Amino acid sequence: MQKSKCCDVMLYVPTFSGGGAERVFVRIANFYVAEGYSVSFVVNRAGGPIESLLSPDIKIIEAGYDQSLRAIPALIRVLRHQRPRAVISALTSANLAMVIAVRLARLSGVHPRLMICERNEFTTASRRFSPKKRRIFRTLVSLLYPLADKISGNASGVVDDLKGYVRTSDEQFCMLPNPAPDAEQIALALTSPPPHPWFTENIPVAVAMGRLVAQKDYPTMLKAIAECKMPVRLLILGQGEERSALEELANTLGIHDRVDFVGFQMNRFDYLAHGKIFLLSSHSEGFPNALIEAISFGLPCVSTDCAGNGPKDILGQSFPEMLVPVGDYSAIAQAISDQIQKPTSPSRISALAERYTLSAISNQFMREVLP
């Protein structure tokens with residue numbers, strides 16, 4: 001490859017799937033290019049539901065491998081060709097691969113500053129691995145993360161947890177929350193027609209969004225719907241390997257006619273615009289995009305006070321009554337009833353999102369990685 005003109009910032013996530021980290025990085029990349037920065041976006045494999053959201057002015061570079069650690073040689077070549085001033089990566093495997101790639105690229109005269117971003121509490125997230133793989137990843141994080149210029153987490157608990165593995169100065173860490181939706185996105189959704197027939201009927205509709213995986217603990221949410229004394233229906237946006245088991249549980253609980261698994265939805269804001277309440281039942285969360293999105297619409301929320309501290313960071317000071325213990329479906333059911341019977345003012349709720357504008361968060365990223 002011939003050397004190209006240095007780009008200002010390169011962002012790296014494994015895929016263009018519909019996950020929270022990927023959405024955040026696409027929005028930040030679009031903001032940077034609109035501000036006049038030259039931006040490259042690296043993925044292991046191109047394609048996916050949110051690739052179309054990326055600005056056409058951003059160069060998409062495909063590493064060509066399914067796994068980040070196998071993509072290290074390709075990442076080194078990309079770094080040598082693009083010669084970025086700053087690199088921002090997210091998710092553990094991608095972070096580890098980019099740390100190695102940047103260190104090796106520096107041997108050939110390419111010296112980008114690197115920020116790595118964790119999006120969930122690492123201790124909890126790593127428990128899904130086998131014991132052997134867990135030990136390997138925890139060792140790699142401990143050895144390689146200190147080699148990055150900045151280590152960020154999107155919630156206080158994420159950062160505090162990382163400090164237990166990564167022995168380096170406190171100044172190397174920073175907390176960078178996820179941005180709230182833009183005002184234009186909210187306004188457009190508020191004028192949209194109801195995306196589901198339940199919104200046209202006189203029964204409150206709760207909305208939940210997120211992958212159908214163990215971390216999100218949807219069984220507890222379904223049990224709460226079954227126990228709730230208020231009539232309420234539930235729409236769950238997302239897809240994942242637990243869908244069949246969750247549908248079976250809904251049948252067992254006798255609420256199959258009150259729960260609809262609607263899959264991944266690009267127009268998720270339309271659901272928030274018409275919903276009555278938002279639910280989050282996770283065991284752990286970093287800074288949950290779905291929660292800050294719901295708050296931006298002024299939607300009353302019920303969330304577990306889970307590991308990672310993201311929901312507490314958002315709700316704890318202003319609305320502690322919206323937080324419930326992890327796994328306590330009775331507490332969730334009671335909180336749902338309380339919020340439906342005496343809902344919090346939408347304007348009070350949406351005011352929380354004002355501190356999380358895209359421009360404020362994006363500029364904070366850039367200040368941290370290029371001080």
# chains A, B, ... in the order shown; residues from 1 in each chain; ligands from 1
>>> residues_around(residues="region 101-113 of chain A", least_positions_apart="5", cutoff="9 Å", atoms="only C-alpha atoms", output="PDB file with C-alpha atoms, in the first residue's frame")
ATOM      1  CA  VAL A   9      -9.580   9.963  13.470  1.00  0.00           C
ATOM      2  CA  ILE A  72      -4.302  -7.728  13.764  1.00  0.00           C
ATOM      3  CA  PRO A  73      -2.059  -7.955  10.641  1.00  0.00           C
ATOM      4  CA  ALA A  74      -4.785  -6.297   8.563  1.00  0.00           C
ATOM      5  CA  LEU A  75      -5.245  -3.591  11.195  1.00  0.00           C
ATOM      6  CA  ILE A  76      -1.513  -2.846  11.100  1.00  0.00           C
ATOM      7  CA  ARG A  77      -1.692  -2.414   7.320  1.00  0.00           C
ATOM      8  CA  LEU A  79      -2.877   2.010  10.268  1.00  0.00           C
ATOM      9  CA  ARG A  80       0.205   2.314   8.069  1.00  0.00           C
ATOM     10  CA  ARG A  83      -1.839   7.156   9.335  1.00  0.00           C
ATOM     11  CA  PRO A  84      -4.550   8.448  11.718  1.00  0.00           C
ATOM     12  CA  ARG A  85      -3.835  11.047  14.376  1.00  0.00           C
ATOM     13  CA  ALA A  86      -6.251   9.304  16.755  1.00  0.00           C
ATOM     14  CA  VAL A  87      -7.786   5.830  16.981  1.00  0.00           C
ATOM     15  CA  ILE A  88     -10.886   5.044  19.074  1.00  0.00           C
ATOM     16  CA  LEU A  96      -7.035  -5.877  22.556  1.00  0.00           C
ATOM     17  CA  LEU A 147      -0.453   0.357  26.698  1.00  0.00           C
ATOM     18  CA  ALA A 148      -3.327   2.501  25.402  1.00  0.00           C
ATOM     19  CA  ASP A 149      -3.150   6.260  25.805  1.00  0.00           C
ATOM     20  CA  LYS A 150      -6.648   6.448  27.278  1.00  0.00           C
ATOM     21  CA  VAL A 369      -7.727  11.212  22.888  1.00  0.00           C
ATOM     22  CA  LEU A 370      -6.091  14.371  21.430  1.00  0.00           C
TER      23      LEU A 370
END
>>> residues_around(residues="Glu247 (chain A)", least_positions_apart="5", cutoff="10 Å", atoms="only C-alpha atoms", output="list in words")
Pro219, Leu222, Glu242, Thr252, Leu253, Ile255, His256, Val259, Asp260 and Phe261 of chain A
>>> atom_distance(atom1="CA of Gly153 (chain A)", atom2="CA of Met175 (chain A)")
5.0 Å
>>> closest_residue(among="A:Met10, A:Ala245, A:Ile136, A:Ala206", to="Met115 (chain A)", atoms="only C-alpha atoms")
A:Met10
>>> residues_around(residues="Pro300 (chain A)", least_positions_apart="6", cutoff="12 Å", atoms="only C-alpha atoms", output="ChimeraX atom specification")
/A:205-207,272-273,275-280,291-294,315,319,321-323,335-350
>>> closest_atom_pairs(of="region 145-226 of chain A", to="region 14-19 of chain A", cutoff="12 Å", atoms="only C-alpha atoms", output="JSON lines")
{"residue": "A:Met209", "atom": "CA", "partner": "A:Gly19", "partner_atom": "CA", "distance": 10.6}
{"residue": "A:Gly210", "atom": "CA", "partner": "A:Gly19", "partner_atom": "CA", "distance": 8.1}
{"residue": "A:Arg211", "atom": "CA", "partner": "A:Gly19", "partner_atom": "CA", "distance": 7.9}
{"residue": "A:Leu212", "atom": "CA", "partner": "A:Gly19", "partner_atom": "CA", "distance": 11.6}
>>> select_by_dssp(residues="region 45-129 of chain A", states="helix (DSSP H, G or I)", output="PyMOL selection string")
chain A and resi 51-53+69-82+92-108+122-126
>>> residues_around(residues="Arg355 (chain A)", least_positions_apart="3", cutoff="9 Å", atoms="only C-alpha atoms", output="PyMOL selection string")
chain A and resi 179-180+351-352+360-361
>>> residues_around(residues="Pro320 (chain A)", least_positions_apart="4", cutoff="10 Å", atoms="only C-alpha atoms", output="number ranges by chain")
A: 302-303, 305, 311-312, 314-316, 324
>>> write_last_selection(atoms="N, CA and C atoms", output="compact mmCIF listing (two decimals), in the first residue's frame")
# COMPACT_ATOMS: atom_id res chain seq x y z
N VAL A 302 -38.63 2.13 34.45
CA VAL A 302 -38.32 1.24 35.57
C VAL A 302 -37.10 0.45 35.17
N SER A 303 -36.03 0.54 35.96
CA SER A 303 -34.77 -0.12 35.61
C SER A 303 -34.16 -0.78 36.84
N ASP A 305 -31.16 -1.62 39.28
CA ASP A 305 -29.96 -0.93 39.76
C ASP A 305 -28.81 -1.93 39.64
N PRO A 311 -27.55 2.71 34.83
CA PRO A 311 -28.87 3.23 35.21
C PRO A 311 -28.83 4.13 36.44
N LYS A 312 -27.99 3.80 37.43
CA LYS A 312 -27.89 4.66 38.61
C LYS A 312 -27.27 6.00 38.24
N ILE A 314 -27.64 7.58 35.55
CA ILE A 314 -28.64 8.37 34.84
C ILE A 314 -29.79 8.77 35.76
N LEU A 315 -30.32 7.80 36.52
CA LEU A 315 -31.57 8.02 37.26
C LEU A 315 -31.39 8.28 38.74
N GLY A 316 -30.28 7.83 39.32
CA GLY A 316 -30.17 7.72 40.77
C GLY A 316 -30.39 9.01 41.52
N VAL A 324 -34.84 -0.42 40.79
CA VAL A 324 -35.28 -1.56 41.59
C VAL A 324 -34.14 -2.58 41.67
>>> atom_distance(atom1="CA of Ser281 (chain A)", atom2="CA of Glu354 (chain A)")
24.3 Å
>>> closest_residue(among="A:Asn202, A:Ser244, A:Thr123, A:Gln82", to="Tyr165 (chain A)", atoms="only C-alpha atoms")
A:Thr123
>>> residues_around(residues="Val42 (chain A)", least_positions_apart="4", cutoff="9 Å", atoms="only C-alpha atoms", output="PyMOL selection string")
chain A and resi 10-15+46+59-63+75+78
>>> write_last_selection(atoms="C-alpha atoms", output="mmCIF file, in the first residue's frame")
data_model
loop_
_atom_site.group_PDB
_atom_site.id
_atom_site.type_symbol
_atom_site.label_atom_id
_atom_site.label_comp_id
_atom_site.auth_asym_id
_atom_site.auth_seq_id
_atom_site.Cartn_x
_atom_site.Cartn_y
_atom_site.Cartn_z
ATOM 1 C CA MET A 10 -10.175 6.271 12.896
ATOM 2 C CA LEU A 11 -12.954 4.398 14.696
ATOM 3 C CA TYR A 12 -12.984 0.623 15.081
ATOM 4 C CA VAL A 13 -15.753 -1.772 16.114
ATOM 5 C CA PRO A 14 -16.098 -5.375 14.920
ATOM 6 C CA THR A 15 -19.341 -5.044 12.935
ATOM 7 C CA ALA A 46 -18.820 -4.750 6.419
ATOM 8 C CA LYS A 59 -14.324 5.789 4.402
ATOM 9 C CA ILE A 60 -15.365 2.250 5.410
ATOM 10 C CA ILE A 61 -12.443 -0.162 5.682
ATOM 11 C CA GLU A 62 -13.041 -3.901 6.045
ATOM 12 C CA ALA A 63 -10.309 -5.862 7.829
ATOM 13 C CA LEU A 75 -5.245 -3.591 11.195
ATOM 14 C CA VAL A 78 -4.679 -0.104 7.681
#
>>> select_by_dssp(residues="region 81-319 of chain A", states="strand (DSSP E or B)", output="PDB file with N, CA and C atoms, in the first residue's frame")
ATOM      1  N   ALA A  86      -5.610   9.910  15.588  1.00  0.00           N
ATOM      2  CA  ALA A  86      -6.251   9.304  16.755  1.00  0.00           C
ATOM      3  C   ALA A  86      -7.013   8.061  16.323  1.00  0.00           C
ATOM      4  N   VAL A  87      -7.017   7.052  17.193  1.00  0.00           N
ATOM      5  CA  VAL A  87      -7.786   5.830  16.981  1.00  0.00           C
ATOM      6  C   VAL A  87      -8.661   5.612  18.216  1.00  0.00           C
ATOM      7  N   ILE A  88      -9.960   5.337  17.988  1.00  0.00           N
ATOM      8  CA  ILE A  88     -10.886   5.044  19.074  1.00  0.00           C
ATOM      9  C   ILE A  88     -11.531   3.698  18.771  1.00  0.00           C
ATOM     10  N   SER A  89     -11.368   2.735  19.672  1.00  0.00           N
ATOM     11  CA  SER A  89     -11.954   1.406  19.470  1.00  0.00           C
ATOM     12  C   SER A  89     -12.879   1.074  20.628  1.00  0.00           C
ATOM     13  N   ALA A  90     -13.780   0.116  20.372  1.00  0.00           N
ATOM     14  CA  ALA A  90     -14.729  -0.289  21.415  1.00  0.00           C
ATOM     15  C   ALA A  90     -14.947  -1.785  21.380  1.00  0.00           C
ATOM     16  N   ARG A 113      -2.572   8.347  18.627  1.00  0.00           N
ATOM     17  CA  ARG A 113      -2.973   8.172  20.016  1.00  0.00           C
ATOM     18  C   ARG A 113      -4.192   7.247  20.030  1.00  0.00           C
ATOM     19  N   LEU A 114      -4.230   6.377  21.023  1.00  0.00           N
ATOM     20  CA  LEU A 114      -5.254   5.336  21.065  1.00  0.00           C
ATOM     21  C   LEU A 114      -6.109   5.446  22.320  1.00  0.00           C
ATOM     22  N   MET A 115      -7.430   5.481  22.106  1.00  0.00           N
ATOM     23  CA  MET A 115      -8.384   5.344  23.202  1.00  0.00           C
ATOM     24  C   MET A 115      -9.153   4.043  23.009  1.00  0.00           C
ATOM     25  N   ILE A 116      -9.206   3.234  24.063  1.00  0.00           N
ATOM     26  CA  ILE A 116     -10.005   2.013  24.041  1.00  0.00           C
ATOM     27  C   ILE A 116     -11.214   2.205  24.955  1.00  0.00           C
ATOM     28  N   CYS A 117     -12.350   1.657  24.542  1.00  0.00           N
ATOM     29  CA  CYS A 117     -13.611   1.924  25.232  1.00  0.00           C
ATOM     30  C   CYS A 117     -14.283   0.625  25.642  1.00  0.00           C
ATOM     31  N   GLU A 118     -14.544   0.479  26.922  1.00  0.00           N
ATOM     32  CA  GLU A 118     -15.360  -0.632  27.413  1.00  0.00           C
ATOM     33  C   GLU A 118     -16.796  -0.147  27.558  1.00  0.00           C
ATOM     34  N   LYS A 150      -5.493   6.185  26.429  1.00  0.00           N
ATOM     35  CA  LYS A 150      -6.648   6.448  27.278  1.00  0.00           C
ATOM     36  C   LYS A 150      -7.510   5.186  27.354  1.00  0.00           C
ATOM     37  N   ILE A 151      -8.077   4.950  28.538  1.00  0.00           N
ATOM     38  CA  ILE A 151      -8.972   3.823  28.771  1.00  0.00           C
ATOM     39  C   ILE A 151     -10.289   4.403  29.265  1.00  0.00           C
ATOM     40  N   SER A 152     -11.348   4.221  28.506  1.00  0.00           N
ATOM     41  CA  SER A 152     -12.619   4.834  28.891  1.00  0.00           C
ATOM     42  C   SER A 152     -13.671   3.778  29.190  1.00  0.00           C
ATOM     43  N   GLY A 153     -14.579   4.150  30.063  1.00  0.00           N
ATOM     44  CA  GLY A 153     -15.785   3.384  30.313  1.00  0.00           C
ATOM     45  C   GLY A 153     -16.955   4.330  30.197  1.00  0.00           C
ATOM     46  N   PHE A 173      -7.526   6.859  32.907  1.00  0.00           N
ATOM     47  CA  PHE A 173      -8.924   6.471  32.788  1.00  0.00           C
ATOM     48  C   PHE A 173      -9.811   7.699  32.594  1.00  0.00           C
ATOM     49  N   CYS A 174     -10.936   7.496  31.925  1.00  0.00           N
ATOM     50  CA  CYS A 174     -11.940   8.545  31.835  1.00  0.00           C
ATOM     51  C   CYS A 174     -13.311   7.905  31.664  1.00  0.00           C
ATOM     52  N   MET A 175     -14.349   8.640  32.051  1.00  0.00           N
ATOM     53  CA  MET A 175     -15.717   8.163  31.864  1.00  0.00           C
ATOM     54  C   MET A 175     -16.372   9.001  30.775  1.00  0.00           C
ATOM     55  N   VAL A 205     -48.961   0.490  27.194  1.00  0.00           N
ATOM     56  CA  VAL A 205     -47.959  -0.343  26.528  1.00  0.00           C
ATOM     57  C   VAL A 205     -46.572  -0.009  27.083  1.00  0.00           C
ATOM     58  N   ALA A 206     -45.902  -1.010  27.621  1.00  0.00           N
ATOM     59  CA  ALA A 206     -44.508  -0.877  28.047  1.00  0.00           C
ATOM     60  C   ALA A 206     -43.606  -1.269  26.885  1.00  0.00           C
ATOM     61  N   VAL A 207     -42.459  -0.607  26.793  1.00  0.00           N
ATOM     62  CA  VAL A 207     -41.494  -0.872  25.731  1.00  0.00           C
ATOM     63  C   VAL A 207     -40.171  -1.280  26.365  1.00  0.00           C
ATOM     64  N   ALA A 208     -39.564  -2.331  25.812  1.00  0.00           N
ATOM     65  CA  ALA A 208     -38.215  -2.746  26.210  1.00  0.00           C
ATOM     66  C   ALA A 208     -37.403  -2.935  24.938  1.00  0.00           C
ATOM     67  N   MET A 209     -36.108  -2.621  25.009  1.00  0.00           N
ATOM     68  CA  MET A 209     -35.251  -2.738  23.831  1.00  0.00           C
ATOM     69  C   MET A 209     -33.912  -3.334  24.243  1.00  0.00           C
ATOM     70  N   ARG A 233     -49.432  -4.086  28.563  1.00  0.00           N
ATOM     71  CA  ARG A 233     -48.847  -4.917  27.528  1.00  0.00           C
ATOM     72  C   ARG A 233     -47.382  -4.567  27.363  1.00  0.00           C
ATOM     73  N   LEU A 234     -46.622  -5.485  26.777  1.00  0.00           N
ATOM     74  CA  LEU A 234     -45.176  -5.307  26.646  1.00  0.00           C
ATOM     75  C   LEU A 234     -44.734  -5.605  25.220  1.00  0.00           C
ATOM     76  N   LEU A 235     -44.023  -4.653  24.619  1.00  0.00           N
ATOM     77  CA  LEU A 235     -43.378  -4.842  23.324  1.00  0.00           C
ATOM     78  C   LEU A 235     -41.877  -4.913  23.551  1.00  0.00           C
ATOM     79  N   ILE A 236     -41.243  -5.975  23.083  1.00  0.00           N
ATOM     80  CA  ILE A 236     -39.800  -6.162  23.245  1.00  0.00           C
ATOM     81  C   ILE A 236     -39.144  -6.072  21.877  1.00  0.00           C
ATOM     82  N   LEU A 237     -38.274  -5.059  21.709  1.00  0.00           N
ATOM     83  CA  LEU A 237     -37.540  -4.857  20.469  1.00  0.00           C
ATOM     84  C   LEU A 237     -36.159  -5.477  20.613  1.00  0.00           C
ATOM     85  N   VAL A 259     -47.676  -9.894  25.458  1.00  0.00           N
ATOM     86  CA  VAL A 259     -46.261  -9.672  25.143  1.00  0.00           C
ATOM     87  C   VAL A 259     -46.041  -9.959  23.664  1.00  0.00           C
ATOM     88  N   ASP A 260     -45.364  -9.050  22.983  1.00  0.00           N
ATOM     89  CA  ASP A 260     -45.054  -9.254  21.573  1.00  0.00           C
ATOM     90  C   ASP A 260     -43.561  -9.021  21.361  1.00  0.00           C
ATOM     91  N   PHE A 261     -42.876 -10.040  20.862  1.00  0.00           N
ATOM     92  CA  PHE A 261     -41.466  -9.928  20.510  1.00  0.00           C
ATOM     93  C   PHE A 261     -41.400  -9.459  19.052  1.00  0.00           C
ATOM     94  N   VAL A 262     -41.099  -8.180  18.858  1.00  0.00           N
ATOM     95  CA  VAL A 262     -41.216  -7.595  17.513  1.00  0.00           C
ATOM     96  C   VAL A 262     -39.897  -7.594  16.755  1.00  0.00           C
ATOM     97  N   GLY A 263     -38.817  -8.132  17.363  1.00  0.00           N
ATOM     98  CA  GLY A 263     -37.541  -8.229  16.668  1.00  0.00           C
ATOM     99  C   GLY A 263     -36.801  -6.902  16.585  1.00  0.00           C
ATOM    100  N   ILE A 277     -44.442   3.452  29.151  1.00  0.00           N
ATOM    101  CA  ILE A 277     -43.391   3.252  30.142  1.00  0.00           C
ATOM    102  C   ILE A 277     -42.281   2.431  29.498  1.00  0.00           C
ATOM    103  N   PHE A 278     -41.068   2.625  29.972  1.00  0.00           N
ATOM    104  CA  PHE A 278     -39.911   1.877  29.459  1.00  0.00           C
ATOM    105  C   PHE A 278     -39.375   0.974  30.562  1.00  0.00           C
ATOM    106  N   LEU A 279     -38.990  -0.265  30.178  1.00  0.00           N
ATOM    107  CA  LEU A 279     -38.505  -1.240  31.160  1.00  0.00           C
ATOM    108  C   LEU A 279     -37.099  -1.715  30.813  1.00  0.00           C
ATOM    109  N   LEU A 280     -36.276  -1.883  31.843  1.00  0.00           N
ATOM    110  CA  LEU A 280     -34.923  -2.444  31.707  1.00  0.00           C
ATOM    111  C   LEU A 280     -34.691  -3.362  32.902  1.00  0.00           C
ATOM    112  N   SER A 284     -26.481  -6.466  34.267  1.00  0.00           N
ATOM    113  CA  SER A 284     -25.390  -5.496  34.189  1.00  0.00           C
ATOM    114  C   SER A 284     -25.594  -4.619  32.961  1.00  0.00           C
ATOM    115  N   CYS A 301     -39.679   5.422  33.454  1.00  0.00           N
ATOM    116  CA  CYS A 301     -38.827   4.244  33.322  1.00  0.00           C
ATOM    117  C   CYS A 301     -38.844   3.428  34.600  1.00  0.00           C
ATOM    118  N   VAL A 302     -38.626   2.131  34.449  1.00  0.00           N
ATOM    119  CA  VAL A 302     -38.323   1.244  35.574  1.00  0.00           C
ATOM    120  C   VAL A 302     -37.098   0.450  35.167  1.00  0.00           C
ATOM    121  N   SER A 303     -36.028   0.544  35.960  1.00  0.00           N
ATOM    122  CA  SER A 303     -34.768  -0.116  35.615  1.00  0.00           C
ATOM    123  C   SER A 303     -34.162  -0.778  36.839  1.00  0.00           C
ATOM    124  N   THR A 304     -33.487  -1.893  36.609  1.00  0.00           N
ATOM    125  CA  THR A 304     -32.720  -2.506  37.686  1.00  0.00           C
ATOM    126  C   THR A 304     -31.500  -1.648  38.021  1.00  0.00           C
ATOM    127  N   ALA A 307     -25.182  -3.985  38.028  1.00  0.00           N
ATOM    128  CA  ALA A 307     -23.731  -3.839  37.936  1.00  0.00           C
ATOM    129  C   ALA A 307     -23.373  -2.988  36.725  1.00  0.00           C
TER     130      ALA A 307
END
>>> closest_residue(among="A:Ile58, A:Ala353, A:Met230, A:Phe287", to="Gln334 (chain A)", atoms="only C-alpha atoms")
A:Met230
>>> atom_distance(atom1="CA of Ser126 (chain A)", atom2="CA of Leu249 (chain A)")
26.5 Å
>>> closest_atom_pairs(of="region 284-313 of chain A", to="region 154-157 of chain A", cutoff="9 Å", atoms="only C-alpha atoms", output="CSV")
residue,atom,partner,partner_atom,distance
A:Glu285,CA,A:Ala155,CA,8.5
A:Gly286,CA,A:Ala155,CA,5.4
A:Phe287,CA,A:Ala155,CA,5.4
A:Pro288,CA,A:Asn154,CA,8.9
A:Ala307,CA,A:Gly157,CA,6.8
A:Gly308,CA,A:Gly157,CA,4.1
A:Asn309,CA,A:Gly157,CA,4.9
A:Gly310,CA,A:Ala155,CA,5.0
A:Pro311,CA,A:Ala155,CA,8.7
A:Asp313,CA,A:Ala155,CA,6.9
>>> write_last_selection(atoms="C-alpha atoms", output="CSV table (one decimal), in the first residue's frame")
chain,number,residue,atom,x,y,z
A,285,GLU,CA,-25.2,-2.4,32.0
A,286,GLY,CA,-22.7,0.2,31.0
A,287,PHE,CA,-24.4,3.3,29.9
A,288,PRO,CA,-27.6,1.9,28.4
A,307,ALA,CA,-23.7,-3.8,37.9
A,308,GLY,CA,-21.9,-1.3,35.8
A,309,ASN,CA,-23.9,1.6,37.5
A,310,GLY,CA,-25.2,3.0,34.2
A,311,PRO,CA,-28.9,3.2,35.2
A,313,ASP,CA,-25.7,7.3,36.9
>>> closest_residue(among="A:Gln239, A:Gln172, A:Asn267, A:Thr220", to="Ala189 (chain A)", atoms="only C-alpha atoms")
A:Asn267
